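J.: Got a structure for you, protein.txt, holding compact mmCIF, C-alpha atoms.
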# COMPACT_ATOMS: atom_id res chain seq x y z
CA MET A 1 79.73 154.78 158.77
CA VAL A 2 76.07 154.01 158.43
CA VAL A 3 76.14 155.18 154.82
CA ILE A 4 79.15 152.97 154.11
CA LEU A 5 77.45 149.95 155.64
CA ALA A 6 74.34 150.69 153.64
CA LEU A 7 76.34 150.86 150.42
CA ILE A 8 78.14 147.63 151.23
CA SER A 9 74.85 145.93 151.95
CA LEU A 10 73.33 147.28 148.77
CA PHE A 11 76.08 146.28 146.39
CA GLY A 12 76.95 143.08 148.24
CA SER A 13 73.48 141.62 148.11
CA TRP A 14 73.47 140.59 144.46
CA TYR A 15 75.75 138.81 142.01
CA THR A 16 75.80 137.59 138.41
CA VAL A 17 76.94 134.34 136.90
CA ASP A 18 77.97 134.29 133.22
CA GLN A 19 76.71 131.78 130.68
CA GLY A 20 79.15 128.87 130.61
CA GLU A 21 79.66 129.05 134.36
CA ARG A 22 78.01 127.83 137.52
CA GLY A 23 78.29 129.53 140.87
CA VAL A 24 79.03 127.79 144.15
CA ILE A 25 77.36 129.75 146.97
CA LEU A 26 79.27 129.79 150.24
CA ARG A 27 77.99 131.05 153.59
CA ASN A 28 80.82 131.67 155.95
CA GLY A 29 82.88 129.18 153.86
CA LYS A 30 80.27 126.43 153.76
CA ILE A 31 78.62 125.34 150.54
CA ILE A 32 74.91 126.06 150.69
CA GLY A 33 74.01 125.68 147.03
CA THR A 34 74.80 126.50 143.41
CA ALA A 35 73.77 129.37 141.17
CA GLU A 36 72.64 129.22 137.54
CA PRO A 37 73.72 131.84 134.97
CA GLY A 38 72.06 135.23 135.52
CA LEU A 39 71.38 137.57 138.41
CA GLY A 40 71.19 136.24 141.98
CA PHE A 41 70.95 137.56 145.51
CA LYS A 42 72.90 136.70 148.66
CA LEU A 43 73.44 137.90 152.20
CA PRO A 44 75.99 140.69 152.31
CA MET A 45 79.18 139.98 154.22
CA PHE A 46 78.07 136.41 154.93
CA ASP A 47 77.62 134.86 151.50
CA SER A 48 80.10 134.62 148.64
CA VAL A 49 79.96 133.08 145.18
CA VAL A 50 82.77 131.08 143.55
CA ARG A 51 82.38 130.72 139.81
CA ILE A 52 83.35 127.43 138.12
CA SER A 53 83.59 127.23 134.32
CA THR A 54 81.54 124.56 132.61
CA GLN A 55 82.96 125.29 129.17
CA THR A 56 85.29 122.99 127.22
CA HIS A 57 88.94 123.17 128.27
CA THR A 58 92.12 121.75 126.78
CA THR A 59 95.34 121.03 128.61
CA SER A 60 98.53 120.12 126.75
CA TYR A 61 101.45 117.82 127.53
CA GLN A 62 104.51 118.70 125.51
CA ALA A 63 107.12 116.03 126.33
CA LEU A 64 105.70 112.68 127.40
CA GLN A 65 108.36 109.96 127.47
CA ALA A 66 107.52 106.37 126.54
CA TYR A 67 108.99 103.16 125.14
CA SER A 68 107.38 101.07 122.44
CA ARG A 69 106.94 97.31 122.73
CA ASP A 70 110.13 96.83 120.72
CA GLN A 71 112.01 99.15 123.11
CA GLN A 72 112.16 102.24 120.91
CA PRO A 73 112.17 105.47 122.96
CA ALA A 74 109.85 108.27 121.89
CA THR A 75 108.73 111.71 122.95
CA LEU A 76 105.02 112.40 122.52
CA ARG A 77 102.98 115.56 122.51
CA ALA A 78 99.34 115.18 123.54
CA SER A 79 96.37 117.27 124.56
CA VAL A 80 93.30 116.40 126.61
CA THR A 81 89.95 118.09 126.03
CA PHE A 82 87.51 118.04 128.97
CA SER A 83 84.66 119.87 130.64
CA ILE A 84 83.04 120.09 134.07
CA PRO A 85 79.41 118.88 134.20
CA PRO A 86 77.17 121.63 135.65
CA ASP A 87 75.93 119.32 138.39
CA LYS A 88 79.51 118.60 139.50
CA VAL A 89 80.68 122.14 140.30
CA GLU A 90 80.08 121.65 144.04
CA GLU A 91 82.28 118.54 143.97
CA VAL A 92 84.99 120.39 142.07
CA TYR A 93 85.07 123.15 144.67
CA ALA A 94 84.76 120.81 147.64
CA ASN A 95 87.61 118.54 146.49
CA PHE A 96 89.87 120.80 144.44
CA LYS A 97 88.78 124.45 144.97
CA SER A 98 89.54 125.23 141.30
CA ILE A 99 89.84 123.65 137.87
CA ASP A 100 93.60 124.22 137.80
CA SER A 101 94.00 122.29 141.02
CA MET A 102 91.80 119.51 139.65
CA ILE A 103 93.98 119.28 136.52
CA ALA A 104 97.11 119.03 138.63
CA ARG A 105 95.72 116.31 140.91
CA LEU A 106 93.76 114.26 138.37
CA LEU A 107 94.87 114.72 134.76
CA ASP A 108 98.54 115.47 135.31
CA ARG A 109 98.94 112.24 137.25
CA GLN A 110 97.07 109.93 134.92
CA VAL A 111 97.71 111.21 131.39
CA PRO A 112 101.49 110.52 131.26
CA THR A 113 101.02 107.11 132.87
CA GLN A 114 98.25 105.97 130.54
CA VAL A 115 100.03 107.26 127.43
CA GLU A 116 103.14 105.36 128.45
CA ASN A 117 101.19 102.17 129.18
CA ILE A 118 99.27 102.17 125.90
CA PHE A 119 102.32 103.17 123.87
CA GLY A 120 104.15 100.17 125.29
CA LYS A 121 101.57 97.85 123.70
CA TYR A 122 102.51 99.00 120.19
CA THR A 123 105.68 98.51 118.20
CA ALA A 124 107.31 101.60 116.79
CA ILE A 125 106.04 100.83 113.30
CA SER A 126 102.52 99.81 114.31
CA VAL A 127 101.95 102.92 116.46
CA VAL A 128 102.66 105.05 113.40
CA GLN A 129 100.60 102.90 111.05
CA GLU A 130 97.68 102.68 113.51
CA ARG A 131 97.88 106.16 114.97
CA ILE A 132 94.11 106.66 115.04
CA LYS A 133 93.58 103.41 116.94
CA PHE A 134 96.39 104.37 119.31
CA GLY A 135 94.64 107.68 120.06
CA ILE A 136 91.35 105.88 120.71
CA ASP A 137 93.03 103.41 123.06
CA VAL A 138 94.71 106.23 124.98
CA THR A 139 91.41 108.12 125.28
CA GLU A 140 89.62 105.07 126.66
CA ALA A 141 92.42 104.33 129.12
CA ILE A 142 92.42 107.90 130.46
CA LYS A 143 88.64 107.96 130.81
CA LYS A 144 88.71 104.72 132.80
CA SER A 145 91.56 105.83 135.03
CA ILE A 146 90.27 109.29 135.98
CA LYS A 147 87.61 109.16 138.66
CA GLY A 148 86.28 112.60 139.42
CA PRO A 149 83.94 115.43 138.45
CA VAL A 150 85.21 115.75 134.88
CA ASP A 151 84.14 114.56 131.44
CA ILE A 152 87.02 113.64 129.12
CA THR A 153 85.91 114.57 125.60
CA SER A 154 88.96 113.40 123.67
CA VAL A 155 92.70 112.88 123.73
CA GLN A 156 94.74 114.06 120.76
CA ILE A 157 98.16 112.57 120.03
CA GLU A 158 99.66 115.56 118.28
CA ASN A 159 103.14 114.25 117.60
CA ILE A 160 105.39 111.22 118.08
CA ASP A 161 109.16 111.74 117.88
CA PHE A 162 111.50 108.76 117.85
CA SER A 163 115.25 108.91 118.28
CA ASN A 164 117.33 110.19 115.37
CA ALA A 165 118.98 106.80 114.95
CA TYR A 166 115.65 105.02 114.69
CA GLU A 167 114.17 107.59 112.32
CA LYS A 168 117.25 107.24 110.10
CA SER A 169 116.90 103.45 110.10
CA VAL A 170 113.25 103.80 109.13
CA GLU A 171 114.17 106.23 106.38
CA ASP A 172 116.84 103.83 105.07
CA ARG A 173 114.39 100.94 105.17
CA MET A 174 111.74 102.93 103.35
CA ARG A 175 114.28 103.98 100.73
CA ALA A 176 115.26 100.34 100.24
CA GLU A 177 111.62 99.31 99.93
CA VAL A 178 111.02 102.03 97.36
CA GLU A 179 114.04 100.83 95.39
CA VAL A 180 112.78 97.26 95.51
CA GLN A 181 109.35 98.38 94.31
CA THR A 182 110.98 100.35 91.52
CA GLN A 183 112.97 97.29 90.44
CA LEU A 184 109.82 95.17 90.51
CA GLN A 185 108.01 97.73 88.41
CA ASN A 186 110.89 97.77 85.92
CA LEU A 187 110.86 93.98 85.73
CA GLU A 188 107.12 94.00 85.18
CA LYS A 189 107.52 96.62 82.48
CA GLU A 190 110.19 94.50 80.76
CA ARG A 191 107.99 91.42 81.03
CA VAL A 192 105.07 93.24 79.45
CA SER A 193 107.32 94.60 76.71
CA ALA A 194 108.61 91.10 76.03
CA GLN A 195 105.06 89.78 75.85
CA ILE A 196 104.15 92.53 73.42
CA ALA A 197 107.17 91.68 71.26
CA VAL A 198 106.26 87.98 71.30
CA THR A 199 102.68 88.81 70.41
CA GLN A 200 103.79 91.04 67.56
CA ALA A 201 106.22 88.39 66.28
CA GLN A 202 103.51 85.73 66.47
CA ALA A 203 101.11 88.01 64.62
CA GLU A 204 103.72 88.63 61.90
CA ALA A 205 104.43 84.90 61.64
CA ASP A 206 100.73 84.14 61.41
CA SER A 207 100.39 86.80 58.73
CA GLN A 208 103.26 85.39 56.70
CA LEU A 209 101.87 81.88 57.08
CA ALA A 210 98.49 83.06 55.90
CA ARG A 211 100.05 84.74 52.87
CA ALA A 212 102.08 81.62 52.09
CA LYS A 213 99.00 79.44 52.37
CA ALA A 214 97.08 81.82 50.12
CA GLU A 215 99.86 81.78 47.52
CA ALA A 216 100.15 78.01 47.66
CA GLU A 217 96.42 77.66 47.29
CA SER A 218 96.49 80.04 44.35
CA ILE A 219 99.26 78.05 42.67
CA ARG A 220 97.42 74.81 43.35
CA ILE A 221 94.19 76.14 41.86
CA LYS A 222 96.07 77.57 38.87
CA GLY A 223 97.87 74.26 38.31
CA ILE A 224 94.59 72.38 38.47
CA ALA A 225 93.12 74.76 35.92
CA GLU A 226 96.09 74.42 33.59
CA ALA A 227 96.13 70.64 33.92
CA THR A 228 92.43 70.51 33.19
CA ALA A 229 92.90 72.70 30.11
CA ILE A 230 95.77 70.54 28.83
CA LYS A 231 93.79 67.40 29.41
CA SER A 232 90.80 68.80 27.58
CA ARG A 233 92.95 69.90 24.64
CA ALA A 234 94.70 66.55 24.49
CA GLU A 235 91.36 64.76 24.43
CA ALA A 236 90.14 67.05 21.69
CA LEU A 237 93.25 66.47 19.57
CA ALA A 238 93.04 62.73 20.04
CA GLN A 239 89.45 62.68 18.85
CA ASN A 240 89.99 64.88 15.74
CA GLN A 241 93.12 64.23 13.63
CA ASN A 242 92.26 67.14 11.34
CA LEU A 243 92.53 69.43 14.30
CA VAL A 244 96.15 68.25 14.67
CA GLU A 245 96.91 69.17 11.10
CA LEU A 246 95.13 72.50 11.55
CA THR A 247 97.23 73.23 14.58
CA LYS A 248 100.38 72.48 12.58
CA ALA A 249 99.26 74.75 9.80
CA GLU A 250 98.43 77.51 12.20
CA ARG A 251 101.87 77.29 13.70
CA TRP A 252 103.73 77.12 10.25
CA ASP A 253 105.02 80.51 9.15
CA GLY A 254 105.07 79.62 5.42
CA LYS A 255 108.84 79.21 5.14
CA LEU A 256 110.66 76.02 4.18
CA PRO A 257 113.55 74.87 6.31
CA THR A 258 116.82 76.51 5.28
CA THR A 259 118.93 73.62 6.55
CA MET A 260 118.33 70.05 5.49
CA LEU A 261 120.03 66.98 6.82
CA PRO A 262 121.44 64.62 4.18
CA THR A 263 119.05 61.93 5.11
CA GLY A 264 116.21 64.34 5.68
CA THR A 265 113.15 64.65 3.55
CA LEU A 266 111.21 67.71 2.55
CA PRO A 267 108.13 68.13 4.64
CA PHE A 268 105.08 67.28 2.65
CA ILE A 269 102.28 69.69 2.60
CA ASP A 270 99.02 68.56 1.22
CA ALA A 271 97.70 71.66 -0.52
CA LYS A 272 94.31 70.05 -0.94
CA LYS A 273 93.74 70.04 2.67
So, in terms of structure tokens, how does the structure I just supplied come out?

T.:
Amino acid sequence: MVVILALISLFGSWYTVDQGERGVILRNGKIIGTAEPGLGFKLPMFDSVVRISTQTHTTSYQALQAYSRDQQPATLRASVTFSIPPDKVEEVYANFKSIDSMIARLLDRQVPTQVENIFGKYTAISVVQERIKFGIDVTEAIKKSIKGPVDITSVQIENIDFSNAYEKSVEDRMRAEVEVQTQLQNLEKERVSAQIAVTQAQAEADSQLARAKAEAESIRIKGIAEATAIKSRAEALAQNQNLVELTKAERWDGKLPTTMLPTGTLPFIDAKK
């Protein structure tokens, strides 16, 4: 018996606390202090150590029911990430005994309520479009509502499921919007094509007009040149009668007319000239 008591005293006088935990030291059930990670010593048979995790924990909520501001029912899946501050382990044990009990009495009561309250401030469309903001609002609401030895790190809204009828109506509306956008794009494409055609037609018309103007200008310049040449020749002929006779001679082919009118006369050619 003595040996047994000695062994009990020997092995019951020390304890270890892992990293990521804190120990709550109890003497006959009363809290007398906390223990840091590592090796510690206690009174055998009188003292005990309850270990409380200070690591990060996550608890999930699979089917939270809520209504949006426009009365659309939804089922949400969320998760809450939290941890116990090392200096709050005594309070956790004193008030809840364990982390699981604390979750049941603190988080499980507040998370569904706060998710439902915040969700009700959004319409069904806006909660989807502003999902990040919705998650932030839910996180802040839960942090404010939970008073206890726990630090809420974040709240993740993992999924939002609306009723089948609503999701179908959204799908139909989105399909209609896509069709409208497609029609608008087609109209814009036709408008651009029409503008291109008008531009091309205008360019062709301008080109034809330019060619016509160039041709008209060429004809005008040519006419001026011809008129000037005729005028110069006429002036030259008027000033020199011999030049007229020379021109006649140059144009005569040396043959007499084969047909003579009765009253006609034979053309006179002055051989001296």

J.: Between CA of Val138 (chain A) and CA of Val80 (chain A), measure the distance and give it in Å to one decimal.

T.: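 Separating CA of Val138 (chain A) from CA of Val80 (chain A) is a distance of 10.4 Å.
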
J.: Could you tell me which of A:Gly23, A:Pro85, A:Gly148, A:Pro112 comes closest to Asp47 (chain A) if we count only C-alpha atoms?

T.: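 Comparing A:Gly23, A:Pro85, A:Gly148, A:Pro112 against Asp47 (chain A), the winner is A:Gly23.
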
J.: Which one of A:Glu217, A:Glu190, A:Glu158, A:Glu140 sits closest to Gln62 (chain A) if you count only C-alpha atoms?

T.: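 Using only C-alpha atoms, the shortest distance to Gln62 (chain A) belongs to A:Glu158.
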
J.: Just give me the gap between CA of Asn117 (chain A) and CA of Ala78 (chain A) in Å, one decimal is fine.

T.: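 Those two atoms sit 14.3 Å apart.
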
J.: Mind pulling up the distance from CA of Leu64 (chain A) to CA of Leu106 (chain A)?

T.: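 CA of Leu64 (chain A) lies at a distance of 16.3 Å from CA of Leu106 (chain A).
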
J.: Measuring between only C-alpha atoms, which one of A:Val150, A:Ile99, A:Ile196, A:Ile160 shows the shortest distance to Phe82 (chain A)?

T.: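 The answer is A:Val150, which sits nearest to Phe82 (chain A).
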
J.: Which is closest to Phe41 (chain A) among A:Ser207, A:Gln114, A:Ser13, A:Asn95, if we use all atoms listed in the file?

T.: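 Among the listed residues, the smallest separation from Phe41 (chain A) belongs to A:Ser13.
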
J.: If we draw a sphere of 10 Å around (107.2, 95.9, 117.4), which residues have at least one atom in it when counting all atoms listed in the file? Please report them as a count of residues only.

T.: 13

J.: Measuring between all atoms listed in the file, which one of A:His57, A:Arg131, A:Arg105, A:Lys97 shows the shortest distance to Gly20 (chain A)?

T.: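 Among A:His57, A:Arg131, A:Arg105, A:Lys97, it is A:His57 that comes nearest to Gly20 (chain A).
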
J.: Find, counting all atoms listed in the file, the residue in A:Ser79, A:Asn159, A:Thr54, A:Ser232 that gets nearest to Gln19 (chain A).

T.: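 The closest residue to Gln19 (chain A) is A:Thr54.
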